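Dropping entry_2.cif in here (mmCIF, C-alpha atoms):
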data_structure
loop_
_atom_site.label_atom_id
_atom_site.label_comp_id
_atom_site.auth_asym_id
_atom_site.auth_seq_id
_atom_site.Cartn_x
_atom_site.Cartn_y
_atom_site.Cartn_z
CA MET A 1 4.52 -16.29 -4.71
CA ASP A 2 7.87 -15.27 -6.19
CA ALA A 3 7.68 -11.83 -7.89
CA PHE A 4 4.11 -12.79 -8.71
CA TYR A 5 3.03 -10.15 -11.23
CA ALA A 6 6.36 -10.28 -13.02
CA SER A 7 6.30 -14.07 -13.12
CA VAL A 8 2.84 -14.06 -14.69
CA GLU A 9 4.06 -11.65 -17.34
CA LEU A 10 7.09 -13.82 -18.08
CA LEU A 11 4.74 -16.68 -18.91
CA ARG A 12 3.30 -14.47 -21.64
CA TYR A 13 6.64 -13.01 -22.63
CA PRO A 14 9.24 -15.77 -22.11
CA GLN A 15 11.71 -13.78 -24.22
CA LEU A 16 12.09 -11.43 -21.21
CA ALA A 17 13.44 -14.12 -18.88
CA GLY A 18 16.66 -13.04 -17.19
CA LEU A 19 16.14 -9.37 -18.10
CA PRO A 20 15.34 -6.45 -15.80
CA VAL A 21 11.58 -5.91 -16.06
CA VAL A 22 9.29 -3.65 -14.04
CA ILE A 23 5.51 -3.89 -13.88
CA GLY A 24 3.64 -0.65 -13.36
CA GLY A 25 1.32 1.94 -14.83
CA GLY A 26 -1.55 1.55 -17.23
CA ARG A 27 -1.65 0.31 -20.80
CA SER A 28 -0.39 2.86 -23.31
CA ALA A 29 -1.45 3.14 -26.94
CA HIS A 30 1.83 1.41 -27.80
CA ASP A 31 0.96 -1.48 -25.48
CA GLU A 32 -2.45 -1.83 -27.10
CA ALA A 33 -0.92 -1.80 -30.58
CA LEU A 34 1.57 -4.55 -29.65
CA ALA A 35 -1.21 -6.67 -28.16
CA ARG A 36 -3.20 -6.41 -31.37
CA GLN A 37 -0.25 -7.00 -33.68
CA TYR A 38 0.99 -10.07 -31.81
CA ALA A 39 -2.34 -11.45 -30.57
CA GLY A 40 -1.92 -15.14 -29.78
CA ARG A 41 1.87 -15.02 -30.14
CA LEU A 42 3.14 -12.56 -27.56
CA HIS A 43 6.27 -14.67 -27.26
CA ALA A 44 7.25 -13.30 -30.69
CA VAL A 45 7.29 -9.62 -29.70
CA PRO A 46 10.87 -8.46 -30.40
CA LEU A 47 12.81 -7.01 -27.48
CA GLU A 48 13.26 -3.67 -29.20
CA ALA A 49 9.46 -3.24 -29.38
CA PHE A 50 8.96 -3.08 -25.60
CA ASP A 51 8.73 0.22 -23.73
CA ARG A 52 11.79 1.10 -21.64
CA LEU A 53 11.67 2.49 -18.13
CA GLY A 54 13.89 5.40 -19.11
CA ALA A 55 11.27 6.63 -21.57
CA TYR A 56 8.42 6.56 -19.08
CA VAL A 57 6.76 9.88 -18.26
CA GLY A 58 4.11 9.96 -15.57
CA ARG A 59 3.33 9.31 -11.93
CA GLY A 60 3.01 5.54 -12.03
CA VAL A 61 4.73 3.41 -9.43
CA ILE A 62 6.38 0.02 -9.73
CA THR A 63 4.00 -2.73 -8.68
CA THR A 64 6.74 -5.34 -8.77
CA ALA A 65 10.02 -6.08 -10.52
CA THR A 66 11.88 -9.15 -11.70
CA TYR A 67 14.88 -10.25 -9.66
CA PRO A 68 17.34 -8.88 -12.28
CA ALA A 69 15.61 -5.49 -11.97
CA ARG A 70 15.81 -5.67 -8.18
CA ALA A 71 19.57 -6.03 -8.51
CA PHE A 72 19.56 -2.42 -9.78
CA GLY A 73 17.66 -1.23 -6.71
CA LEU A 74 14.23 -1.19 -8.34
CA GLY A 75 11.32 -2.41 -6.25
CA SER A 76 7.63 -2.15 -5.50
CA ALA A 77 6.05 1.21 -4.57
CA MET A 78 8.92 3.18 -6.14
CA GLY A 79 8.03 5.95 -8.59
CA MET A 80 8.94 4.78 -12.10
CA MET A 81 9.93 8.13 -13.54
CA LYS A 82 11.86 9.16 -10.42
CA ASN A 83 13.85 5.92 -10.33
CA ALA A 84 14.31 5.28 -14.04
CA HIS A 85 17.97 6.32 -13.77
CA ARG A 86 18.70 3.14 -11.80
CA CYS A 87 18.14 1.06 -14.93
CA PRO A 88 16.80 3.08 -17.87
CA GLU A 89 16.97 0.06 -20.17
CA ALA A 90 14.67 -2.00 -17.93
CA ILE A 91 11.59 -3.12 -19.82
CA ARG A 92 8.31 -1.70 -18.56
CA LEU A 93 5.10 -3.70 -18.80
CA PRO A 94 1.64 -2.40 -17.83
CA VAL A 95 -0.28 -3.86 -14.92
CA ASP A 96 -2.92 -6.47 -15.81
CA PHE A 97 -4.86 -7.17 -12.62
CA ALA A 98 -7.44 -9.37 -14.31
CA GLU A 99 -4.72 -11.80 -15.40
CA TYR A 100 -3.07 -11.76 -11.97
CA ARG A 101 -6.38 -12.53 -10.26
CA ARG A 102 -6.92 -15.44 -12.65
CA PHE A 103 -3.55 -16.98 -11.73
CA SER A 104 -4.19 -16.21 -8.07
CA ARG A 105 -7.36 -18.30 -8.11
CA ARG A 106 -5.51 -21.17 -9.79
CA PHE A 107 -2.64 -21.42 -7.31
CA LYS A 108 -5.01 -21.18 -4.35
CA GLU A 109 -7.09 -24.05 -5.75
CA VAL A 110 -3.94 -26.19 -5.69
CA ILE A 111 -3.29 -25.32 -2.06
CA LEU A 112 -6.86 -26.06 -0.97
CA ALA A 113 -6.68 -29.47 -2.61
CA HIS A 114 -3.86 -30.42 -0.20
CA ALA A 115 -4.52 -28.23 2.86
CA PRO A 116 -8.08 -26.93 3.15
CA VAL A 117 -7.42 -24.59 6.09
CA MET A 118 -6.08 -21.56 4.22
CA GLU A 119 -6.16 -17.83 5.03
CA ASP A 120 -6.25 -15.63 1.95
CA ARG A 121 -3.92 -12.66 2.43
CA GLY A 122 -4.21 -11.09 -1.00
CA VAL A 123 -3.53 -11.90 -4.60
CA ASP A 124 -0.14 -13.55 -4.03
CA GLU A 125 0.06 -14.63 -0.38
CA VAL A 126 -1.69 -17.09 1.93
CA TYR A 127 -1.29 -18.68 5.35
CA ILE A 128 -1.86 -22.45 5.51
CA ASP A 129 -2.55 -24.55 8.61
CA PHE A 130 -0.61 -27.83 8.25
CA THR A 131 -1.85 -29.24 11.58
CA ASP A 132 -4.44 -31.68 10.25
CA ALA A 133 -3.42 -31.72 6.57
CA PRO A 134 -2.19 -35.10 5.28
CA GLY A 135 1.58 -35.17 5.70
CA GLY A 136 1.65 -31.82 7.44
CA GLN A 137 3.42 -33.19 10.51
CA GLU A 138 6.01 -35.30 8.70
CA GLU A 139 9.60 -33.98 8.75
CA GLY A 140 8.41 -30.63 10.03
CA GLY A 141 6.00 -30.24 7.11
CA LEU A 142 8.68 -30.41 4.42
CA PRO A 143 7.05 -33.13 2.24
CA LEU A 144 3.71 -31.30 2.14
CA ALA A 145 5.43 -28.01 1.35
CA ARG A 146 7.22 -29.68 -1.55
CA THR A 147 3.97 -31.21 -2.80
CA ILE A 148 2.22 -27.83 -2.77
CA GLN A 149 5.16 -26.09 -4.40
CA GLN A 150 5.34 -28.65 -7.20
CA GLY A 151 1.57 -28.66 -7.66
CA ILE A 152 1.53 -24.90 -8.13
CA LEU A 153 4.35 -25.11 -10.64
CA GLU A 154 2.57 -27.77 -12.67
CA ALA A 155 -0.80 -25.99 -12.59
CA THR A 156 0.39 -22.47 -13.29
CA GLY A 157 4.03 -22.51 -14.37
CA LEU A 158 4.80 -20.23 -11.40
CA THR A 159 7.21 -20.71 -8.51
CA CYS A 160 6.59 -19.93 -4.87
CA SER A 161 8.53 -19.83 -1.62
CA ILE A 162 7.15 -21.45 1.52
CA GLY A 163 8.01 -20.87 5.15
CA VAL A 164 6.94 -23.52 7.66
CA ALA A 165 6.90 -22.51 11.31
CA PRO A 166 4.88 -22.88 14.53
CA ASN A 167 2.94 -19.66 13.90
CA LYS A 168 2.10 -17.02 11.29
CA LEU A 169 4.70 -14.51 12.45
CA LEU A 170 7.61 -16.90 12.02
CA ALA A 171 6.19 -18.50 8.87
CA LYS A 172 6.01 -15.09 7.19
CA MET A 173 9.67 -14.42 8.01
CA ALA A 174 10.73 -17.92 6.96
CA SER A 175 9.08 -17.54 3.57
CA GLU A 176 11.56 -14.77 2.74
CA PHE A 177 14.68 -16.77 3.58
CA ASN A 178 15.32 -18.60 0.32
CA LYS A 179 13.51 -16.78 -2.46
CA PRO A 180 12.89 -17.70 -5.18
CA ARG A 181 11.49 -21.23 -5.01
CA GLY A 182 12.69 -21.88 -1.48
CA ILE A 183 11.30 -23.89 1.42
CA SER A 184 12.44 -22.92 4.90
CA ILE A 185 11.61 -24.70 8.15
CA VAL A 186 11.84 -22.72 11.39
CA ARG A 187 11.21 -24.37 14.76
CA HIS A 188 11.04 -22.67 18.14
CA GLU A 189 14.53 -23.95 18.94
CA ASP A 190 15.82 -22.14 15.82
CA LEU A 191 14.80 -18.73 17.13
CA GLN A 192 18.20 -17.59 18.36
CA ALA A 193 20.13 -18.94 15.37
CA LEU A 194 17.80 -17.95 12.52
CA ILE A 195 15.58 -15.13 13.74
CA TRP A 196 17.50 -13.07 16.27
CA PRO A 197 20.33 -12.04 13.90
CA LEU A 198 17.79 -10.43 11.53
CA ALA A 199 17.05 -6.72 11.41
CA CYS A 200 13.94 -5.61 13.31
CA ARG A 201 12.35 -4.49 10.03
CA LYS A 202 12.07 -8.16 9.06
CA VAL A 203 9.24 -8.49 11.59
CA ASN A 204 5.92 -7.96 9.84
CA GLY A 205 4.48 -5.07 11.83
CA VAL A 206 7.67 -3.08 12.46
CA GLY A 207 7.45 -0.12 10.11
CA PRO A 208 9.99 2.58 9.22
CA LYS A 209 9.05 4.88 12.12
CA ALA A 210 9.16 2.14 14.74
CA ASP A 211 12.43 0.85 13.29
CA ALA A 212 13.99 4.32 13.44
CA LYS A 213 12.92 4.68 17.06
CA LEU A 214 14.31 1.25 17.92
CA LYS A 215 17.63 2.18 16.31
CA SER A 216 17.73 5.41 18.30
CA HIS A 217 17.76 3.19 21.40
CA GLY A 218 20.53 1.02 19.98
CA ILE A 219 18.21 -1.81 18.95
CA HIS A 220 19.05 -3.01 15.44
CA THR A 221 18.41 -6.75 15.47
CA ILE A 222 15.56 -8.93 16.70
CA GLY A 223 17.97 -10.43 19.24
CA GLU A 224 18.70 -6.98 20.67
CA LEU A 225 14.95 -6.38 20.81
CA ALA A 226 14.44 -9.65 22.68
CA ALA A 227 17.05 -8.57 25.23
CA ARG A 228 14.92 -5.62 26.35
CA GLU A 229 12.45 -6.08 29.17
CA ARG A 230 8.76 -6.05 28.31
CA ALA A 231 8.20 -3.18 30.78
CA TRP A 232 10.93 -1.10 29.12
CA LEU A 233 9.40 -1.60 25.67
CA GLN A 234 5.96 -0.70 26.98
CA ALA A 235 7.31 2.45 28.59
CA HIS A 236 8.93 3.60 25.33
CA PHE A 237 6.50 2.24 22.71
CA GLY A 238 3.16 2.12 24.48
CA ARG A 239 1.51 -0.60 26.50
CA ALA A 240 0.01 -2.62 23.63
CA TYR A 241 2.69 -2.14 20.95
CA GLY A 242 5.51 -2.59 23.44
CA ALA A 243 4.04 -5.89 24.61
CA TRP A 244 3.61 -7.00 20.99
CA LEU A 245 7.24 -6.13 20.19
CA HIS A 246 8.41 -8.26 23.10
CA ASP A 247 6.26 -11.21 22.02
CA ALA A 248 7.35 -10.89 18.40
CA ALA A 249 11.03 -10.86 19.32
CA TRP A 250 10.50 -14.11 21.24
CA GLY A 251 8.60 -15.69 18.34
CA ARG A 252 5.22 -15.68 20.07
CA ASP A 253 2.09 -15.31 17.93
CA GLU A 254 -1.29 -16.81 18.88
CA ARG A 255 -3.24 -15.67 15.80
CA PRO A 256 -5.14 -18.54 14.17
CA VAL A 257 -5.33 -19.18 10.43
CA VAL A 258 -8.64 -17.54 9.53
CA THR A 259 -10.37 -19.16 6.58
CA GLU A 260 -13.04 -16.49 6.20
CA SER A 261 -12.97 -12.80 7.02
CA GLU A 262 -15.45 -10.12 6.12
CA PRO A 263 -14.05 -7.07 4.30
CA VAL A 264 -14.67 -3.74 6.00
CA SER A 265 -14.79 -1.80 2.74
CA MET A 266 -13.95 -1.92 -0.95
CA SER A 267 -12.33 0.90 -2.85
CA ARG A 268 -10.76 1.92 -6.11
CA GLU A 269 -8.38 4.81 -6.68
CA THR A 270 -6.08 6.12 -9.37
CA THR A 271 -3.11 8.47 -9.49
CA PHE A 272 -3.16 10.71 -12.55
CA ASP A 273 -0.27 10.95 -15.01
CA ARG A 274 -0.60 14.74 -14.65
CA ASP A 275 -2.35 16.96 -12.14
CA LEU A 276 -5.97 17.56 -13.12
CA HIS A 277 -8.20 20.53 -12.35
CA ALA A 278 -11.91 20.24 -11.54
CA VAL A 279 -12.77 23.04 -13.98
CA HIS A 280 -10.19 22.81 -16.75
CA ASP A 281 -10.20 18.99 -16.85
CA ARG A 282 -13.85 18.48 -15.95
CA ALA A 283 -14.64 15.99 -18.72
CA GLU A 284 -11.62 13.79 -18.02
CA LEU A 285 -12.20 13.82 -14.26
CA SER A 286 -15.88 13.02 -14.74
CA ARG A 287 -14.99 10.03 -16.91
CA ILE A 288 -12.42 8.73 -14.41
CA PHE A 289 -14.77 9.32 -11.50
CA THR A 290 -17.57 7.37 -13.18
CA GLU A 291 -15.18 4.51 -14.04
CA LEU A 292 -14.01 4.26 -10.41
CA CYS A 293 -17.62 4.07 -9.20
CA GLN A 294 -18.37 1.40 -11.80
CA GLN A 295 -15.29 -0.59 -10.78
CA VAL A 296 -16.20 -0.49 -7.09
CA ALA A 297 -19.77 -1.53 -7.94
CA ALA A 298 -18.45 -4.41 -10.04
CA ASP A 299 -16.17 -5.51 -7.18
CA LEU A 300 -19.12 -5.50 -4.77
CA GLN A 301 -21.34 -7.44 -7.16
CA ARG A 302 -18.66 -10.00 -8.02
CA LYS A 303 -17.89 -10.67 -4.36
CA GLY A 304 -21.51 -10.55 -3.21
CA TYR A 305 -21.48 -7.48 -0.95
CA ALA A 306 -23.36 -4.21 -0.60
CA GLY A 307 -22.57 -1.15 1.51
CA LYS A 308 -24.20 1.99 2.80
CA THR A 309 -21.27 4.30 3.59
CA ILE A 310 -19.90 5.85 0.39
CA GLY A 311 -16.86 8.08 0.37
CA ILE A 312 -14.19 9.77 -1.70
CA LYS A 313 -10.48 10.42 -1.33
CA LEU A 314 -8.53 13.23 -2.96
CA ARG A 315 -4.83 13.97 -2.99
CA TYR A 316 -3.99 17.51 -4.02
CA ASP A 317 -0.89 18.63 -5.91
CA ASP A 318 0.75 19.59 -2.58
CA PHE A 319 0.13 15.99 -1.34
CA ARG A 320 -2.53 16.99 1.17
CA ILE A 321 -5.30 14.41 1.43
CA ALA A 322 -9.01 15.07 1.84
CA THR A 323 -11.67 12.44 2.52
CA ARG A 324 -15.43 12.68 2.87
CA ASP A 325 -18.12 10.05 3.26
CA GLN A 326 -21.87 9.81 3.58
CA THR A 327 -24.10 7.04 4.89
CA VAL A 328 -27.26 6.33 2.94
CA GLY A 329 -30.49 4.74 4.08
CA GLN A 330 -30.20 1.50 2.11
CA TYR A 331 -27.37 -0.85 1.27
CA THR A 332 -26.28 -0.64 -2.35
CA GLN A 333 -23.95 -2.14 -4.91
CA ASP A 334 -25.35 -0.01 -7.72
CA ALA A 335 -22.85 2.06 -9.73
CA ALA A 336 -25.29 4.93 -10.33
CA THR A 337 -26.13 5.21 -6.64
CA ILE A 338 -22.46 5.12 -5.68
CA ARG A 339 -21.74 7.79 -8.32
CA ARG A 340 -24.55 10.03 -7.04
CA VAL A 341 -23.58 9.83 -3.36
CA ALA A 342 -19.84 10.07 -4.03
CA GLY A 343 -20.62 13.16 -6.09
CA LEU A 344 -22.34 14.71 -3.08
CA CYS A 345 -19.22 13.99 -1.04
CA LEU A 346 -17.11 15.78 -3.65
CA LYS A 347 -19.22 18.89 -3.24
CA ARG A 348 -18.06 19.06 0.38
CA VAL A 349 -14.34 19.41 -0.42
CA PRO A 350 -12.44 22.32 -2.00
CA LEU A 351 -11.86 21.73 -5.70
CA SER A 352 -9.92 24.88 -6.57
CA GLN A 353 -6.57 23.08 -6.36
CA ARG A 354 -5.19 20.59 -8.86
CA LEU A 355 -5.55 16.91 -8.03
CA ARG A 356 -3.02 14.07 -8.11
CA LEU A 357 -5.30 11.23 -7.03
CA LEU A 358 -8.98 10.38 -6.88
CA GLY A 359 -10.55 7.44 -5.06
CA VAL A 360 -14.00 6.03 -4.30
CA ARG A 361 -14.83 3.80 -1.33
CA VAL A 362 -17.86 1.86 -0.14
CA GLY A 363 -17.91 0.74 3.49
CA ALA A 364 -20.25 -0.68 6.15
CA LEU A 365 -20.53 -3.84 4.07
CA VAL A 366 -22.94 -6.74 4.42
CA ARG A 367 -23.35 -9.84 2.31
CA GLU A 368 -25.78 -9.45 -0.56
CA ARG A 369 -27.78 -12.52 0.43
CA GLU A 370 -28.68 -10.86 3.74
CA LEU A 371 -30.50 -8.02 2.04
CA GLU A 372 -33.98 -7.69 0.69
CA ALA A 373 -34.48 -6.26 -2.78
CA GLN A 374 -33.89 -2.54 -2.91
CA PRO A 375 -34.75 0.06 -5.60
CA ARG A 376 -31.96 1.21 -7.82
CA GLY A 377 -30.57 4.75 -7.51
CA VAL A 378 -30.34 7.43 -10.15
CA ASN A 379 -27.30 8.98 -11.74
CA ALA A 380 -25.97 12.47 -11.12
CA GLU A 381 -23.14 14.43 -12.63
CA LEU A 382 -20.50 16.60 -11.00
CA PHE A 383 -17.20 17.74 -12.50
#
If you took the structure in this file and wrote it as structure tokens, what would it be?
Amino acid sequence: MDAFYASVELLRYPQLAGLPVVIGGGRSAHDEALARQYAGRLHAVPLEAFDRLGAYVGRGVITTATYPARAFGLGSAMGMMKNAHRCPEAIRLPVDFAEYRRFSRRFKEVILAHAPVMEDRGVDEVYIDFTDAPGGQEEGGLPLARTIQQGILEATGLTCSIGVAPNKLLAKMASEFNKPRGISIVRHEDLQALIWPLACRKVNGVGPKADAKLKSHGIHTIGELAARERAWLQAHFGRAYGAWLHDAAWGRDERPVVTESEPVSMSRETTFDRDLHAVHDRAELSRIFTELCQQVAADLQRKGYAGKTIGIKLRYDDFRIATRDQTVGQYTQDAATIRRVAGLCLKRVPLSQRLRLLGVRVGALVRERELEAQPRGVNAELF
């Protein structure tokens, strides 16, 4: 989907079209007041009433940005306060995950109506197998891609970009070619012309460290990567990763489109607007901790899972990270049980230092229907 979160917000606030807008952080009291004042007519909120990025104070990060905001160098995962100077007049909107999930379900329903073999890759991205879908083999899949694109637009008002290619690796790259609202077809014979001139970082799976190491060997483009022998890449990048780099450069990817996959764990975490202390900010931390446990429990219940390994994650004010977990005797999706066991995990980490982030995780998941009824846990307090 094209700038998915931002596009959803622009449906609610059409007056922001064409303006630099960033989505990030929680709802402020000002946001709540605007929502109440203009309930049912958000399109009437005057531009001067919106929060500006330059006025933001806190640790929130940009979840996404409109294309006009990206022109100023603003993008996802960037700290809002740290990067406000790039465009201080950019409008800041709070994240609304419930609304994004609602639109996510709607656009995926459109896809499944035309191509039922779909791999869900998150709230705004999917892989689709065109092989046996009606029209999927005509003109390289272009007519079906257009049908899906138009169907999503009509059902949601949102645009998307589609890459059609022989495998997932190339399709992912092709989907980025003509954003927004583009359709790109890449065939194996297009590899040298369309793929090899691209930077190695365009390959999904080549991160900053690998890219830096490739550059240190004079490898900047996918074509230059393809020119290296498999054995050389394995010698310098490890047997498995080196072989994968060679295959990726030559457009080889045998991964199937997986329609169902079991999650390994579910978690919730939050970064605080200011560093919090376990003693001085006990009440606030306790409230946040309980909310995180409740949110994880709600996620498990909504998706039909239970788990028996419960853990916590802390990030201190010096950016060190501490994690602890504990496995219990019975699978659970109960908020009180998660709160109690996560609290025991917290007792096993130093809490003398201020905290930037707190997270709760439940792992070792099984589907709820596979379990017999289990007794509920009891609550416990920490902080």
Using the chain letters and numbers from the file, which residues does the PyMOL selection byres ((chain A and resi 166) around 7) grab, as a PDB file with C-alpha atoms, in the coordinates of the input?
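That gives us expr.pdb:
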ATOM      1  CA  ALA A 165       6.900 -22.510  11.310  1.00  0.00           C
ATOM      2  CA  ASN A 167       2.940 -19.660  13.900  1.00  0.00           C
ATOM      3  CA  ARG A 187      11.210 -24.370  14.760  1.00  0.00           C
TER       4      ARG A 187
END
I'd like to see the residues matched by the PyMOL selection byres ((chain A and resi 354) around 8) on this file, and ideally I'd get them as a short mmCIF file (atom, residue, chain, number, x, y, z; two decimals) with C-alpha atoms, in the coordinates of the input.
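File written: result.cif
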data_model
loop_
_atom_site.label_atom_id
_atom_site.label_comp_id
_atom_site.auth_asym_id
_atom_site.auth_seq_id
_atom_site.Cartn_x
_atom_site.Cartn_y
_atom_site.Cartn_z
CA ASP A 275 -2.35 16.96 -12.14
CA LEU A 276 -5.97 17.56 -13.12
CA HIS A 277 -8.20 20.53 -12.35
CA ALA A 278 -11.91 20.24 -11.54
CA TYR A 316 -3.99 17.51 -4.02
CA ASP A 317 -0.89 18.63 -5.91
CA LEU A 351 -11.86 21.73 -5.70
CA SER A 352 -9.92 24.88 -6.57
CA GLN A 353 -6.57 23.08 -6.36
CA LEU A 355 -5.55 16.91 -8.03
CA ARG A 356 -3.02 14.07 -8.11
#
Suppose a student applies the PyMOL selection byres ((chain A and resi 60) around 10) to this structure; what residues should they get, written as a list of chain:residue names?
A:Ile23, A:Gly24, A:Gly25, A:Gly26, A:Tyr56, A:Val57, A:Gly58, A:Arg59, A:Val61, A:Ile62, A:Thr63, A:Ala77, A:Met78, A:Gly79, A:Met80, A:Met81, A:Lys82, A:Pro94, A:Thr270, A:Thr271, A:Phe272, A:Asp273
For a quick check of understanding, using all atoms listed in the file, which of A:Arg361, A:Arg369, A:Arg348, A:Lys215 has the smallest distance to A:Met266?
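Smallest separation from A:Met266 among the options: A:Arg361.
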Residue nearest A:Thr156 - candidates A:Gln326, A:Thr259, A:Ser7, A:Gln301, atoms counted: all atoms listed in the file
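Counting all atoms listed in the file, the residue closest to A:Thr156 is A:Ser7.
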Taking 6 positions as the minimum chain separation for residues in the same chain, which residues sit within 12 Å of stretch 205-209 of chain A when counting all atoms listed in the file? Answer as a list of chain:residue names.
A:Leu169, A:Lys172, A:Met173, A:Ala199, A:Lys215, A:Ser216, A:His220, A:Thr221, A:Ile222, A:Leu225, A:Phe237, A:Tyr241, A:Gly242, A:Trp244, A:Leu245, A:His246, A:Ala248, A:Ala249
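Separating atom CA of A:Arg228 from atom CA of A:Lys202 is a distance of 17.7 Å.
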Using all atoms listed in the file, determine which residues lie at most 12 Å from A:Ile312, disregarding the query and same-chain residues fewer than 2 positions distant; provide the list as a PyMOL selection string.
chain A and resi 266-270+289+292-293+296+309-310+314-315+321-326+338-349+357-363
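When atom CA of A:Leu34 is paired with atom CA of A:Glu48, their separation reads 11.7 Å.
Interatomic distance, atom CA of A:Asn83 to atom CA of A:Val8: 23.2 Å.
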Give me, as a ChimeraX atom specification, all polymer residues having an atom no more than 10 Å from A:Asp51, counting all atoms listed in the file and skipping those fewer than 4 positions away in the same chain.
/A:28,30-31,47,55-56,89-94
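Between A:Arg121 and the candidates A:Gly307, A:Gly238, A:Pro350, A:Pro263, the tightest atom-to-atom separation, counting all atoms listed in the file, involves A:Pro263.
Considering the residues A:Ala65, A:Leu142, A:Ala6, A:Leu53 and counting all atoms listed in the file, A:Thr159 has its shortest atom-to-atom contact with A:Ala6.
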Minimum-distance residue to A:Ala226, chosen among A:Arg52, A:Lys168, A:Arg252, A:Arg102 (using all atoms listed in the file)
A:Arg252
Judged by all atoms listed in the file, the minimum distance to A:Leu365 among A:Leu233, A:Ala29, A:Leu300, A:Ala84 is found for A:Leu300
Skip A:Arg41 itself and residues of its chain fewer than 4 positions away, then list as a VMD selection string all residues within 12 Å of it, counting only C-alpha atoms.
chain A and resid 11 to 15 34 to 37 45 to 46
Can you rebuild stretch 214-225 of chain A with N, CA and C atoms and give it as an mmCIF file, keeping the file's coordinate frame?
data_model
loop_
_atom_site.group_PDB
_atom_site.id
_atom_site.type_symbol
_atom_site.label_atom_id
_atom_site.label_comp_id
_atom_site.auth_asym_id
_atom_site.auth_seq_id
_atom_site.Cartn_x
_atom_site.Cartn_y
_atom_site.Cartn_z
ATOM 1 N N LEU A 214 13.542 2.343 17.323
ATOM 2 C CA LEU A 214 14.310 1.250 17.920
ATOM 3 C C LEU A 214 15.809 1.500 17.753
ATOM 4 N N LYS A 215 16.212 1.915 16.561
ATOM 5 C CA LYS A 215 17.630 2.180 16.310
ATOM 6 C C LYS A 215 18.154 3.310 17.189
ATOM 7 N N SER A 216 17.294 4.299 17.443
ATOM 8 C CA SER A 216 17.730 5.410 18.300
ATOM 9 C C SER A 216 18.030 4.952 19.718
ATOM 10 N N HIS A 217 17.476 3.783 20.083
ATOM 11 C CA HIS A 217 17.760 3.190 21.400
ATOM 12 C C HIS A 217 18.815 2.096 21.297
ATOM 13 N N GLY A 218 19.474 2.006 20.141
ATOM 14 C CA GLY A 218 20.530 1.020 19.980
ATOM 15 C C GLY A 218 20.029 -0.381 19.686
ATOM 16 N N ILE A 219 18.798 -0.505 19.243
ATOM 17 C CA ILE A 219 18.210 -1.810 18.950
ATOM 18 C C ILE A 219 18.137 -1.977 17.437
ATOM 19 N N HIS A 220 18.989 -2.819 16.888
ATOM 20 C CA HIS A 220 19.050 -3.010 15.440
ATOM 21 C C HIS A 220 18.566 -4.387 15.011
ATOM 22 N N THR A 221 18.768 -5.383 15.838
ATOM 23 C CA THR A 221 18.410 -6.750 15.470
ATOM 24 C C THR A 221 17.271 -7.256 16.369
ATOM 25 N N ILE A 222 16.640 -8.333 15.919
ATOM 26 C CA ILE A 222 15.560 -8.930 16.700
ATOM 27 C C ILE A 222 16.115 -9.464 18.024
ATOM 28 N N GLY A 223 17.347 -9.970 18.010
ATOM 29 C CA GLY A 223 17.970 -10.430 19.240
ATOM 30 C C GLY A 223 18.153 -9.312 20.250
ATOM 31 N N GLU A 224 18.553 -8.145 19.773
ATOM 32 C CA GLU A 224 18.700 -6.980 20.670
ATOM 33 C C GLU A 224 17.340 -6.550 21.194
ATOM 34 N N LEU A 225 16.310 -6.689 20.358
ATOM 35 C CA LEU A 225 14.950 -6.380 20.810
ATOM 36 C C LEU A 225 14.510 -7.365 21.893
#
